[in-house]
>>> print(open('target_20.cif').read())   # mmCIF, C-alpha atoms
data_query
#
loop_
_atom_site.label_atom_id
_atom_site.label_comp_id
_atom_site.auth_asym_id
_atom_site.auth_seq_id
_atom_site.Cartn_x
_atom_site.Cartn_y
_atom_site.Cartn_z
CA MET T 1 -18.05 2.78 -25.50
CA ASP T 2 -20.02 -0.40 -24.79
CA ASN T 3 -22.34 -1.36 -27.66
CA ASP T 4 -24.37 1.83 -28.11
CA LEU T 5 -23.63 3.27 -24.67
CA LEU T 6 -20.91 5.90 -24.31
CA TYR T 7 -19.26 6.46 -20.90
CA SER T 8 -17.65 9.87 -21.23
CA ALA T 9 -15.35 11.65 -18.76
CA HIS T 10 -15.99 15.40 -18.34
CA ILE T 11 -12.88 16.58 -16.55
CA TYR T 12 -13.86 20.17 -15.77
CA ALA T 13 -17.44 19.27 -14.93
CA GLY T 14 -16.04 16.65 -12.52
CA GLN T 15 -18.36 13.89 -13.67
CA PHE T 16 -18.91 11.08 -16.12
CA ALA T 17 -21.97 10.68 -18.32
CA VAL T 18 -23.77 7.66 -19.76
CA ILE T 19 -25.10 8.45 -23.24
CA ASN T 20 -27.18 6.31 -25.58
CA MET T 21 -25.54 6.65 -29.02
CA ALA T 22 -27.85 4.30 -30.95
CA ASN T 23 -29.02 7.29 -32.97
CA LYS T 24 -25.78 9.04 -33.84
CA THR T 25 -27.60 12.20 -34.88
CA SER T 26 -29.57 12.39 -31.65
CA PRO T 27 -27.66 11.10 -28.58
CA VAL T 28 -29.69 10.61 -25.40
CA LEU T 29 -28.23 11.42 -21.97
CA LEU T 30 -29.18 8.62 -19.56
CA GLY T 31 -27.35 9.67 -16.40
CA THR T 32 -24.40 11.49 -14.84
CA GLN T 33 -22.29 10.95 -11.73
CA ASN T 34 -19.75 13.18 -10.01
CA THR T 35 -16.50 11.48 -9.06
CA PRO T 36 -14.69 11.92 -5.69
CA GLY T 37 -12.19 14.53 -6.93
CA ASN T 38 -14.61 16.30 -9.29
CA PHE T 39 -11.93 16.15 -12.02
CA THR T 40 -12.93 13.07 -14.01
CA HIS T 41 -10.13 12.20 -16.45
CA ASN T 42 -10.71 8.60 -17.55
CA THR T 43 -13.40 5.90 -17.52
CA TRP T 44 -13.23 2.18 -18.26
CA LYS T 45 -16.17 -0.20 -18.25
CA SER T 46 -15.91 -3.87 -17.34
CA GLY T 47 -19.08 -5.92 -16.95
CA ASN T 48 -21.62 -3.89 -15.03
CA ALA T 49 -18.91 -1.84 -13.33
CA LEU T 50 -17.33 1.42 -14.44
CA PHE T 51 -13.92 2.56 -13.17
CA THR T 52 -12.88 6.22 -13.10
CA THR T 53 -9.81 8.30 -12.28
CA ASP T 54 -9.55 11.90 -11.04
CA GLU T 55 -6.36 13.64 -12.20
CA ILE T 56 -5.76 15.61 -9.00
CA SER T 57 -3.63 15.30 -5.87
CA ASN T 58 -4.69 12.55 -3.42
CA SER T 59 -7.02 11.05 -6.02
CA PHE T 60 -8.83 7.72 -6.22
CA LEU T 61 -9.50 4.90 -8.58
CA THR T 62 -13.26 4.56 -8.07
CA SER T 63 -15.74 1.83 -9.05
CA TYR T 64 -19.44 2.23 -9.82
CA ASP T 65 -22.40 0.00 -10.54
CA VAL T 66 -23.82 1.32 -13.84
CA THR T 67 -26.38 -1.45 -14.39
CA ASP T 68 -29.06 1.25 -14.29
CA PRO T 69 -27.66 4.51 -15.77
CA THR T 70 -30.47 6.42 -14.06
CA ASP T 71 -29.41 5.09 -10.64
CA ILE T 72 -25.60 4.92 -10.58
CA LYS T 73 -24.11 3.65 -7.31
CA GLU T 74 -20.53 4.08 -6.06
CA LEU T 75 -19.10 0.72 -4.99
CA ASP T 76 -15.55 1.34 -3.75
CA ARG T 77 -12.57 3.68 -4.04
CA LEU T 78 -8.83 3.17 -3.59
CA ARG T 79 -5.64 5.20 -3.10
CA ILE T 80 -2.35 3.31 -3.39
CA THR T 81 -0.34 5.74 -1.21
CA PRO T 82 -2.87 7.58 0.99
CA GLY T 83 -1.76 11.02 2.15
CA SER T 84 1.19 11.29 -0.25
CA GLY T 85 -0.56 13.54 -2.78
CA SER T 86 -0.22 10.87 -5.48
CA ILE T 87 -2.10 11.54 -8.74
CA VAL T 88 -3.87 8.82 -10.70
CA HIS T 89 -3.99 9.21 -14.50
CA ASN T 90 -5.40 6.35 -16.60
CA THR T 91 -6.80 2.89 -15.92
CA HIS T 92 -7.33 -0.05 -18.30
CA VAL T 93 -9.06 -3.27 -17.25
CA THR T 94 -7.92 -6.70 -18.43
CA ASP T 95 -9.22 -9.97 -16.97
CA ASN T 96 -10.69 -8.05 -14.01
CA TYR T 97 -7.39 -6.33 -13.19
CA ALA T 98 -7.28 -2.52 -13.41
CA VAL T 99 -3.79 -1.67 -14.66
CA THR T 100 -3.46 1.95 -13.60
CA SER T 101 -0.85 4.71 -14.02
CA TRP T 102 -0.14 6.91 -10.97
CA TYR T 103 2.46 9.42 -12.22
CA LYS T 104 5.27 9.54 -9.60
CA ASP T 105 4.19 6.22 -8.07
CA GLY T 106 4.58 4.30 -11.34
CA PHE T 107 1.73 1.92 -12.10
CA SER T 108 -0.31 -0.54 -10.07
CA ILE T 109 -2.27 -3.72 -10.74
CA ILE T 110 -5.58 -3.66 -8.88
CA ASP T 111 -7.80 -6.70 -8.54
CA VAL T 112 -11.32 -5.51 -9.47
CA SER T 113 -12.95 -8.94 -9.77
CA ARG T 114 -15.16 -7.82 -6.86
CA PRO T 115 -15.88 -4.19 -7.83
CA ALA T 116 -17.23 -3.38 -4.37
CA ASN T 117 -14.03 -4.69 -2.76
CA ILE T 118 -11.05 -3.67 -4.89
CA VAL T 119 -7.48 -4.31 -3.74
CA GLU T 120 -4.00 -3.51 -5.05
CA THR T 121 -2.07 -6.72 -5.75
CA GLY T 122 0.95 -5.43 -7.69
CA ARG T 123 2.97 -2.30 -8.34
CA TYR T 124 6.08 -1.23 -10.25
CA ASP T 125 7.69 2.15 -9.63
CA THR T 126 8.88 3.52 -12.97
CA TYR T 127 9.91 6.77 -11.29
CA PRO T 128 11.85 5.55 -8.22
CA ASN T 129 13.47 8.85 -7.25
CA GLY T 130 10.18 10.68 -6.84
CA ALA T 131 6.88 10.18 -5.07
CA GLY T 132 3.67 11.95 -4.14
CA ASN T 133 2.17 15.00 -5.81
CA GLY T 134 3.21 16.11 -9.28
CA PHE T 135 2.78 15.29 -12.96
CA GLU T 136 6.13 13.58 -13.53
CA GLY T 137 6.45 9.85 -13.96
CA CYS T 138 4.08 7.26 -15.40
CA TRP T 139 1.79 8.86 -17.98
CA GLY T 140 0.20 5.73 -19.34
CA VAL T 141 0.29 1.94 -19.22
CA TYR T 142 -0.87 -0.61 -21.83
CA PRO T 143 -1.64 -4.23 -20.80
CA TYR T 144 -3.20 -5.73 -23.95
CA PHE T 145 -0.33 -7.41 -25.82
CA PRO T 146 -1.01 -11.11 -26.59
CA SER T 147 2.24 -11.96 -24.76
CA GLY T 148 0.92 -10.38 -21.56
CA THR T 149 3.75 -7.84 -21.60
CA ILE T 150 2.98 -4.45 -20.07
CA VAL T 151 4.35 -1.26 -21.61
CA ALA T 152 4.50 1.86 -19.41
CA SER T 153 5.60 5.35 -20.44
CA ASN T 154 7.13 8.11 -18.34
CA ILE T 155 6.62 11.71 -19.45
CA ARG T 156 10.31 12.27 -18.80
CA ALA T 157 13.04 10.03 -17.52
CA GLN T 158 14.47 11.27 -14.25
CA GLY T 159 17.22 13.78 -14.77
CA THR T 160 16.43 14.33 -18.48
CA ASN T 161 13.82 15.94 -20.74
CA ASP T 162 13.41 12.72 -22.72
CA GLY T 163 10.44 10.46 -22.54
CA GLU T 164 10.97 6.93 -21.29
CA MET T 165 9.37 3.55 -22.01
CA TRP T 166 9.38 0.56 -19.68
CA VAL T 167 8.64 -2.99 -20.85
CA LEU T 168 7.67 -5.40 -18.07
CA THR T 169 6.39 -8.92 -17.53
CA PRO T 170 3.61 -8.87 -14.92
CA THR T 171 2.52 -11.41 -12.35
CA TYR T 172 -1.22 -11.16 -11.80
CA THR T 173 -2.42 -12.29 -8.36
CA ARG T 174 -5.92 -12.22 -6.92
CA GLY T 175 -6.54 -10.66 -3.54
CA CYS T 176 -7.84 -12.34 -0.39
CA TYR T 177 -11.38 -11.05 0.24
CA LEU T 178 -12.98 -10.83 3.69
CA GLU T 179 -16.62 -9.78 3.85
CA GLY T 180 -19.57 -10.13 6.20
CA THR T 181 -22.07 -8.46 8.49
CA VAL T 182 -21.94 -7.37 12.13
CA THR T 183 -25.19 -7.63 14.11
CA ASP T 184 -26.52 -7.32 17.65
CA SER T 185 -26.64 -10.80 19.23
CA VAL T 186 -29.83 -9.96 21.13
CA THR T 187 -31.93 -8.12 18.55
CA GLY T 188 -30.34 -9.34 15.34
CA ASN T 189 -30.23 -5.76 14.08
CA PRO T 190 -27.23 -4.60 12.02
CA ILE T 191 -24.60 -2.49 13.78
CA PRO T 192 -23.51 0.40 11.55
CA GLY T 193 -20.07 1.86 12.24
CA ALA T 194 -18.61 -1.27 13.85
CA ALA T 195 -14.82 -1.45 13.46
CA VAL T 196 -13.37 -4.54 11.75
CA LEU T 197 -9.58 -4.65 12.16
CA ILE T 198 -6.96 -7.17 10.98
CA LEU T 199 -4.57 -6.99 13.92
CA SER T 200 -1.45 -8.15 12.08
CA ASN T 201 -1.31 -5.26 9.60
CA GLY T 202 -3.78 -2.62 10.77
CA LEU T 203 -6.12 -3.00 7.76
CA SER T 204 -9.50 -1.76 8.94
CA GLU T 205 -13.02 -1.08 7.72
CA ASN T 206 -16.20 0.22 9.33
CA THR T 207 -19.58 -1.38 8.66
CA ASN T 208 -22.13 0.51 6.55
CA ASN T 209 -25.74 1.29 7.44
CA PHE T 210 -26.65 -2.35 6.83
CA GLY T 211 -23.90 -3.66 9.11
CA GLU T 212 -21.90 -4.85 6.10
CA TYR T 213 -18.13 -4.64 5.66
CA ARG T 214 -15.78 -5.52 2.81
CA MET T 215 -11.99 -5.62 2.94
CA ALA T 216 -9.20 -7.34 1.05
CA GLN T 217 -5.44 -7.82 1.13
CA LEU T 218 -2.75 -9.46 -0.99
CA GLN T 219 -1.18 -11.76 1.61
CA GLY T 220 -2.89 -15.05 2.40
CA GLY T 221 -2.67 -16.95 5.68
CA THR T 222 -4.34 -17.00 9.07
CA VAL T 223 -5.03 -13.59 10.62
CA ASP T 224 -6.63 -12.38 13.86
CA VAL T 225 -9.59 -10.08 13.25
CA SER T 226 -10.95 -7.73 15.92
CA ILE T 227 -14.62 -6.65 15.69
CA SER T 228 -15.71 -3.90 18.06
CA TYR T 229 -18.31 -1.21 18.73
CA PRO T 230 -18.77 1.01 21.82
CA GLY T 231 -21.11 -0.63 24.31
CA TYR T 232 -20.44 -4.16 23.02
CA VAL T 233 -17.94 -6.84 23.97
CA THR T 234 -15.11 -6.95 21.45
CA LYS T 235 -14.51 -10.22 19.62
CA VAL T 236 -11.15 -11.39 18.24
CA LEU T 237 -11.45 -14.26 15.76
CA SER T 238 -8.87 -16.19 13.72
CA VAL T 239 -9.64 -16.36 9.99
CA ALA T 240 -7.84 -18.21 7.18
CA LEU T 241 -7.49 -16.08 4.02
CA SER T 242 -6.59 -17.44 0.57
CA ASN T 243 -5.81 -15.68 -2.71
CA GLY T 244 -8.81 -15.55 -5.02
CA VAL T 245 -11.16 -16.80 -2.31
CA LEU T 246 -14.02 -14.90 -0.65
CA THR T 247 -14.08 -15.59 3.09
CA LEU T 248 -17.36 -14.74 4.81
CA LEU T 249 -17.20 -13.74 8.47
CA ASN T 250 -20.56 -12.80 9.99
CA VAL T 251 -20.23 -11.67 13.60
CA GLN T 252 -22.72 -11.13 16.42
CA LEU T 253 -21.63 -8.71 19.13
CA ALA T 254 -23.15 -8.92 22.60
CA PRO T 255 -23.54 -6.04 25.04
CA PRO T 256 -21.83 -6.67 28.43
CA GLY T 257 -24.01 -9.03 30.45
CA GLY T 258 -25.94 -10.04 27.35
CA GLY T 259 -27.84 -6.78 26.91
CA GLY T 260 -28.04 -3.12 27.75
CA SER T 261 -25.25 -0.56 27.48
CA GLY T 262 -22.02 -0.20 29.33
CA GLY T 263 -18.30 0.15 28.84
CA SER T 264 -16.34 -0.92 25.83
CA GLY T 265 -15.95 -4.49 27.09
CA LEU T 266 -12.24 -4.37 26.20
CA PRO T 267 -9.96 -5.92 28.86
CA VAL T 268 -7.24 -3.56 27.59
CA GLU T 269 -7.88 -0.38 25.65
CA LEU T 270 -4.66 0.32 23.73
CA VAL T 271 -4.61 3.97 22.62
CA ARG T 272 -1.02 4.32 21.38
CA PHE T 273 1.78 2.04 20.17
CA GLU T 274 4.95 3.45 18.60
CA VAL T 275 8.41 2.24 17.62
CA ARG T 276 11.38 4.51 16.92
CA ARG T 277 15.12 4.13 16.41
CA ASP T 278 17.45 5.23 19.22
CA GLN T 279 21.02 4.95 17.92
CA ARG T 280 21.21 1.24 16.96
CA ASP T 281 18.35 0.18 19.28
CA ALA T 282 14.61 -0.13 18.76
CA LEU T 283 12.61 1.76 21.38
CA LEU T 284 8.98 0.70 21.80
CA SER T 285 6.40 2.71 23.73
CA TRP T 286 2.68 2.25 24.23
CA GLU T 287 -0.17 3.51 26.37
CA THR T 288 -3.43 2.03 27.61
CA ALA T 289 -6.49 4.02 28.67
CA THR T 290 -7.90 1.27 30.91
CA GLU T 291 -6.95 -2.29 31.85
CA THR T 292 -9.02 -5.10 33.33
CA ASN T 293 -7.63 -8.56 34.19
CA ASN T 294 -4.50 -7.85 32.17
CA VAL T 295 -1.50 -10.14 32.79
CA GLY T 296 0.88 -8.16 30.59
CA PHE T 297 2.43 -7.70 27.17
CA GLU T 298 4.76 -9.98 25.28
CA ILE T 299 6.87 -8.04 22.78
CA GLN T 300 7.30 -9.89 19.48
CA GLN T 301 9.60 -9.21 16.53
CA SER T 302 9.60 -10.37 12.88
CA ARG T 303 12.40 -10.06 10.33
CA ASN T 304 10.58 -11.73 7.43
CA ASN T 305 7.61 -9.42 6.85
CA GLY T 306 5.38 -11.00 9.49
CA HIS T 307 5.63 -14.64 8.37
CA HIS T 308 7.33 -15.64 11.63
CA TRP T 309 7.33 -13.89 15.02
CA SER T 310 9.74 -14.35 17.92
CA PRO T 311 9.26 -13.13 21.52
CA VAL T 312 11.93 -10.64 22.63
CA GLY T 313 10.61 -9.65 26.06
CA PHE T 314 7.67 -9.34 28.44
CA LEU T 315 6.33 -6.51 30.60
CA PRO T 316 3.76 -7.23 33.35
CA ALA T 317 0.59 -5.17 33.60
CA ARG T 318 0.86 -1.78 35.30
CA GLY T 319 -2.72 -0.53 34.99
CA ASP T 320 -5.01 -0.15 37.98
CA GLY T 321 -8.19 -0.73 35.97
CA THR T 322 -9.24 2.90 35.57
CA SER T 323 -6.17 5.06 34.93
CA PRO T 324 -3.87 5.29 31.88
CA ALA T 325 -0.71 3.18 31.99
CA PHE T 326 2.53 3.83 30.11
CA TYR T 327 5.11 1.30 28.92
CA THR T 328 8.52 1.41 27.25
CA PHE T 329 10.73 -1.45 26.08
CA ARG T 330 14.16 -1.37 24.44
CA VAL T 331 15.37 -3.98 21.95
CA PRO T 332 19.19 -3.64 21.86
CA ASP T 333 20.68 -3.51 18.35
CA PRO T 334 18.26 -5.79 16.46
CA GLY T 335 20.59 -5.60 13.46
CA PRO T 336 20.48 -3.79 10.11
CA GLY T 337 17.45 -4.11 7.87
CA ALA T 338 13.66 -4.00 8.18
CA HIS T 339 11.96 -5.11 11.41
CA LEU T 340 8.34 -5.51 12.47
CA PHE T 341 7.14 -5.35 16.08
CA ARG T 342 3.82 -6.15 17.73
CA LEU T 343 2.39 -6.67 21.23
CA ARG T 344 0.68 -9.84 22.42
CA GLN T 345 -1.58 -8.88 25.32
CA THR T 346 -2.78 -11.71 27.58
CA ASP T 347 -5.80 -11.74 29.93
CA ARG T 348 -5.97 -13.69 33.18
CA ASP T 349 -8.23 -16.26 31.51
CA GLY T 350 -5.53 -16.93 28.90
CA THR T 351 -7.19 -15.00 26.06
CA ALA T 352 -4.65 -13.15 23.91
CA THR T 353 -5.00 -10.30 21.43
CA PHE T 354 -2.42 -8.69 19.16
CA SER T 355 -1.69 -5.06 18.47
CA PRO T 356 -1.22 -3.68 14.94
CA TRP T 357 2.26 -4.05 13.47
CA ARG T 358 4.85 -1.28 13.67
CA SER T 359 7.82 -1.17 11.30
CA LEU T 360 11.38 0.07 11.81
CA THR T 361 14.46 0.07 9.58
CA ILE T 362 17.94 0.01 11.07
CA PRO T 363 20.44 1.27 8.48
CA SER T 364 23.51 -0.77 7.69
CA GLU T 365 26.74 0.29 9.38
CA LYS T 366 28.37 0.09 5.95
CA SER T 367 27.43 1.85 2.74
CA GLU T 368 25.47 -0.15 0.17
CA VAL T 369 25.27 0.35 -3.60
CA LEU T 370 22.78 -1.25 -5.98
CA LEU T 371 22.74 -0.73 -9.77
CA TRP T 372 19.86 -1.58 -12.14
CA PRO T 373 18.99 -2.49 -14.83
CA ASN T 374 22.13 -4.48 -15.53
CA PRO T 375 22.86 -5.10 -18.40
CA THR T 376 21.52 -1.81 -19.78
CA ALA T 377 21.06 -0.35 -23.23
CA ASP T 378 21.74 3.24 -22.20
CA ARG T 379 20.42 4.40 -18.80
CA CYS T 380 20.72 2.81 -15.39
CA ARG T 381 20.35 3.89 -11.77
CA LEU T 382 22.52 3.69 -8.68
CA ARG T 383 20.86 3.38 -5.27
CA ILE T 384 23.29 4.50 -2.57
CA ARG T 385 22.58 3.90 1.13
CA THR T 386 24.86 5.18 3.87
CA PRO T 387 24.67 4.89 7.68
CA ASN T 388 25.65 8.57 8.06
CA PRO T 389 25.46 11.69 5.86
CA VAL T 390 28.44 11.64 3.49
CA THR T 391 29.80 13.16 0.28
CA VAL T 392 30.33 10.51 -2.41
CA GLN T 393 32.28 10.55 -5.66
CA ILE T 394 30.88 8.49 -8.55
CA ASP T 395 33.07 7.57 -11.55
CA VAL T 396 32.27 5.25 -14.44
CA LEU T 397 35.46 3.55 -15.68
CA THR T 398 36.26 1.12 -18.46
CA ALA T 399 37.19 -2.47 -17.65
CA ASP T 400 40.88 -1.45 -17.68
CA LEU T 401 40.13 1.48 -15.32
CA ARG T 402 40.29 4.33 -17.86
CA ALA T 403 38.01 7.33 -17.35
CA THR T 404 34.88 7.54 -19.49
CA GLY T 405 34.05 11.15 -18.69
CA ILE T 406 31.09 10.19 -16.51
CA SER T 407 31.87 11.61 -13.07
CA LEU T 408 29.83 13.36 -10.41
CA ARG T 409 29.98 14.29 -6.74
CA LEU T 410 27.00 14.62 -4.42
CA ASP T 411 25.86 14.54 -0.79
CA VAL T 412 23.92 11.52 0.46
CA ILE T 413 21.73 11.53 3.57
CA GLU T 414 20.85 7.88 4.27
CA GLU T 415 19.67 7.09 0.71
CA THR T 416 19.53 8.51 -2.79
CA ILE T 417 19.02 7.24 -6.35
CA VAL T 418 21.32 8.57 -9.05
CA PRO T 419 20.54 8.19 -12.80
CA LEU T 420 23.52 7.31 -15.02
CA ASP T 421 23.38 7.89 -18.78
CA LEU T 422 25.67 5.45 -20.60
CA GLY T 423 24.14 6.14 -24.02
CA ASN T 424 27.32 7.68 -25.49
CA LEU T 425 29.55 4.77 -24.44
CA PRO T 426 30.28 1.82 -26.75
CA ALA T 427 28.98 -1.61 -25.78
CA GLY T 428 31.18 -3.37 -23.27
CA ASN T 429 31.97 -3.93 -19.58
CA TYR T 430 32.35 -0.98 -17.22
CA ARG T 431 32.81 -0.29 -13.52
CA ALA T 432 30.82 2.19 -11.46
CA VAL T 433 33.10 3.27 -8.61
CA VAL T 434 31.49 4.92 -5.58
CA SER T 435 33.98 6.48 -3.13
CA ALA T 436 33.41 8.11 0.26
CA GLY T 437 36.49 8.85 2.34
CA GLN T 438 38.44 5.60 2.74
CA GLU T 439 35.47 3.49 1.62
CA ARG T 440 35.27 2.39 -2.02
CA ILE T 441 32.57 0.24 -3.65
CA VAL T 442 32.91 -1.06 -7.20
CA VAL T 443 29.88 -2.32 -9.18
CA GLN T 444 30.24 -4.05 -12.54
CA VAL T 445 27.87 -2.86 -15.31
CA VAL T 446 27.39 -4.21 -18.81
CA LYS T 447 26.48 -1.82 -21.68
CA ARG T 448 24.74 -3.61 -24.53
#
>>> encode(input="target_20.cif", output="structure tokens")
Amino acid sequence: MDNDLLYSAHIYAGQFAVINMANKTSPVLLGTQNTPGNFTHNTWKSGNALFTTDEISNSFLTSYDVTDPTDIKELDRLRITPGSGSIVHNTHVTDNYAVTSWYKDGFSIIDVSRPANIVETGRYDTYPNGAGNGFEGCWGVYPYFPSGTIVASNIRAQGTNDGEMWVLTPTYTRGCYLEGTVTDSVTGNPIPGAAVLILSNGLSENTNNFGEYRMAQLQGGTVDVSISYPGYVTKVLSVALSNGVLTLLNVQLAPPGGGGSGGSGLPVELVRFEVRRDQRDALLSWETATETNNVGFEIQQSRNNGHHWSPVGFLPARGDGTSPAFYTFRVPDPGPGAHLFRLRQTDRDGTATFSPWRSLTIPSEKSEVLLWPNPTADRCRLRIRTPNPVTVQIDVLTADLRATGISLRLDVIEETIVPLDLGNLPAGNYRAVVSAGQERIVVQVVKR
């Protein structure tokens, strides 16, 4: 409700309605709008924008311009885990952040200060052993305490039939916004459907009928942006992005030779780039459809989430200019943990472009155990990672190594999360002992 205007969600009708309630005995319907999933569960108005959720698999948080209830316009829509089947439930807006519950994905903080360019800038998974489709997990989230504390509720805690409340202290961060238009350098006309791609992370957007694009990300810094459209020469430009700042990048694309139609204008047309694990090695493979004036590819690796890149090899060009070319490159045992890889392609004139990033995780050669929260009032979780499938024995012991009665045995394939209920134990210090064959890991835990 906003003054005398009611914004009602009609879940089975799949739409929201704007109703003038000035005369409570005679409401007046001003307008309706169907939402993307046609299962409208929740609305929240902020300024001239309205935000809605559809409580179905693969659903969106969607924003609308409701300045004129007779002419409602969709502005943007967002999924936090596209393709997973994740279900959005409720959203509440505070200080232009949409704090939104997503069932098995926990809750997210979405910067909606630019309703036509919304971006996720925070997330906490309150249901870490589940993901994707289903109505388990985060049912609701409340962000309006004067302290700034967020309270989130799970329908059931994992492994029990009991509800669960999480109390969290959030960090609110604005996104980095990149917007602009793409036009023909000869005619000045907009180019609808042009592809705008941030090469470092694969974030992409196509221009609308007016040649406009809007995109945003959390991470600031300098990025290389590729702007392309068939029949035009592709441009790659470096852009500095900052949190909370709108960066405008208007681009003019020129047809080859300054006019007319022709090929793509790309010196190298990369059609595939993949990275997979082969034993302890990283095996990279990629394919080009055509190559012109290509010197080759430098393979680069990052171990700090893309903040620093190091060259690990170089392959000279193999393409003949018209036929597909195939490449493979092996990085021997890059070490356990998360790795990013990209290609730096160089033309004969010295121009360089970067491929999208590809990620790979090499598991540790030793088992790893993490316990949280610690200290705990009653329930905690063990995350167990193993390099190979293994059967583990878990025992919770007192500080002087006496049994507490909490004991279980299970199979682990690479990683699992195990809930532990310590609610019946008196306050004190305990040890969670995880055993697999000759390997034994002991984690201290404090029960309040």
>>> residues_around(input="target_20.cif", residues="Ile87 in chain T", least_positions_apart="5", cutoff="10 Å", atoms="only C-alpha atoms", output="list of chain:residue names")
T:Thr53, T:Asp54, T:Glu55, T:Ile56, T:Ser57, T:Asn58, T:Ser59, T:Phe60, T:Leu61, T:Arg79, T:Ile80, T:Thr81, T:Ser101, T:Trp102, T:Tyr103, T:Lys104, T:Asp105, T:Ala131, T:Gly132, T:Asn133, T:Gly134, T:Phe135, T:Glu136
>>> resolve_selection(input="target_20.cif", expression="the PyMOL selection byres ((chain T and resi 343-345) around 9)", output="list in words")
Val268, Phe273, Asn294, Val295, Gly296, Phe297, Glu298, Ile299, Gln300, Gln301, Phe341, Arg342, Thr346, Asp347, Thr351, Ala352, Thr353, Phe354, Ser355, Pro356 and Trp357 of chain T
>>> residues_around(input="target_20.cif", residues="range 388-396 of chain T", least_positions_apart="5", cutoff="6 Å", atoms="all atoms listed in the file", output="number ranges by chain")
T: 406-413, 431-436
>>> resolve_selection(input="target_20.cif", expression="the PyMOL selection byres ((chain T and resi 363) around 8)", output="number ranges by chain")
T: 336-337, 361-362, 364-365, 386-387, 414
>>> write_last_selection(input="target_20.cif", atoms="C-alpha atoms", output="PDB file, in the coordinates of the input")
ATOM      1  CA  PRO T 336      20.480  -3.790  10.110  1.00  0.00           C
ATOM      2  CA  GLY T 337      17.450  -4.110   7.870  1.00  0.00           C
ATOM      3  CA  THR T 361      14.460   0.070   9.580  1.00  0.00           C
ATOM      4  CA  ILE T 362      17.940   0.010  11.070  1.00  0.00           C
ATOM      5  CA  SER T 364      23.510  -0.770   7.690  1.00  0.00           C
ATOM      6  CA  GLU T 365      26.740   0.290   9.380  1.00  0.00           C
ATOM      7  CA  THR T 386      24.860   5.180   3.870  1.00  0.00           C
ATOM      8  CA  PRO T 387      24.670   4.890   7.680  1.00  0.00           C
ATOM      9  CA  GLU T 414      20.850   7.880   4.270  1.00  0.00           C
TER      10      GLU T 414
END
>>> atom_distance(input="target_20.cif", atom1="CA of Ala325 in chain T", atom2="CA of Ser302 in chain T")
25.6 Å
>>> closest_residue(input="target_20.cif", among="T:Gly193, T:Gly130, T:Pro115, T:Gly202", to="Pro230 in chain T", atoms="all atoms listed in the file")
T:Gly193
>>> closest_residue(input="target_20.cif", among="T:Thr126, T:Thr328, T:Asn293, T:Asn90", to="Met165 in chain T", atoms="all atoms listed in the file")
T:Thr126
>>> atom_distance(input="target_20.cif", atom1="CA of Ala399 in chain T", atom2="CA of Tyr430 in chain T")
5.1 Å
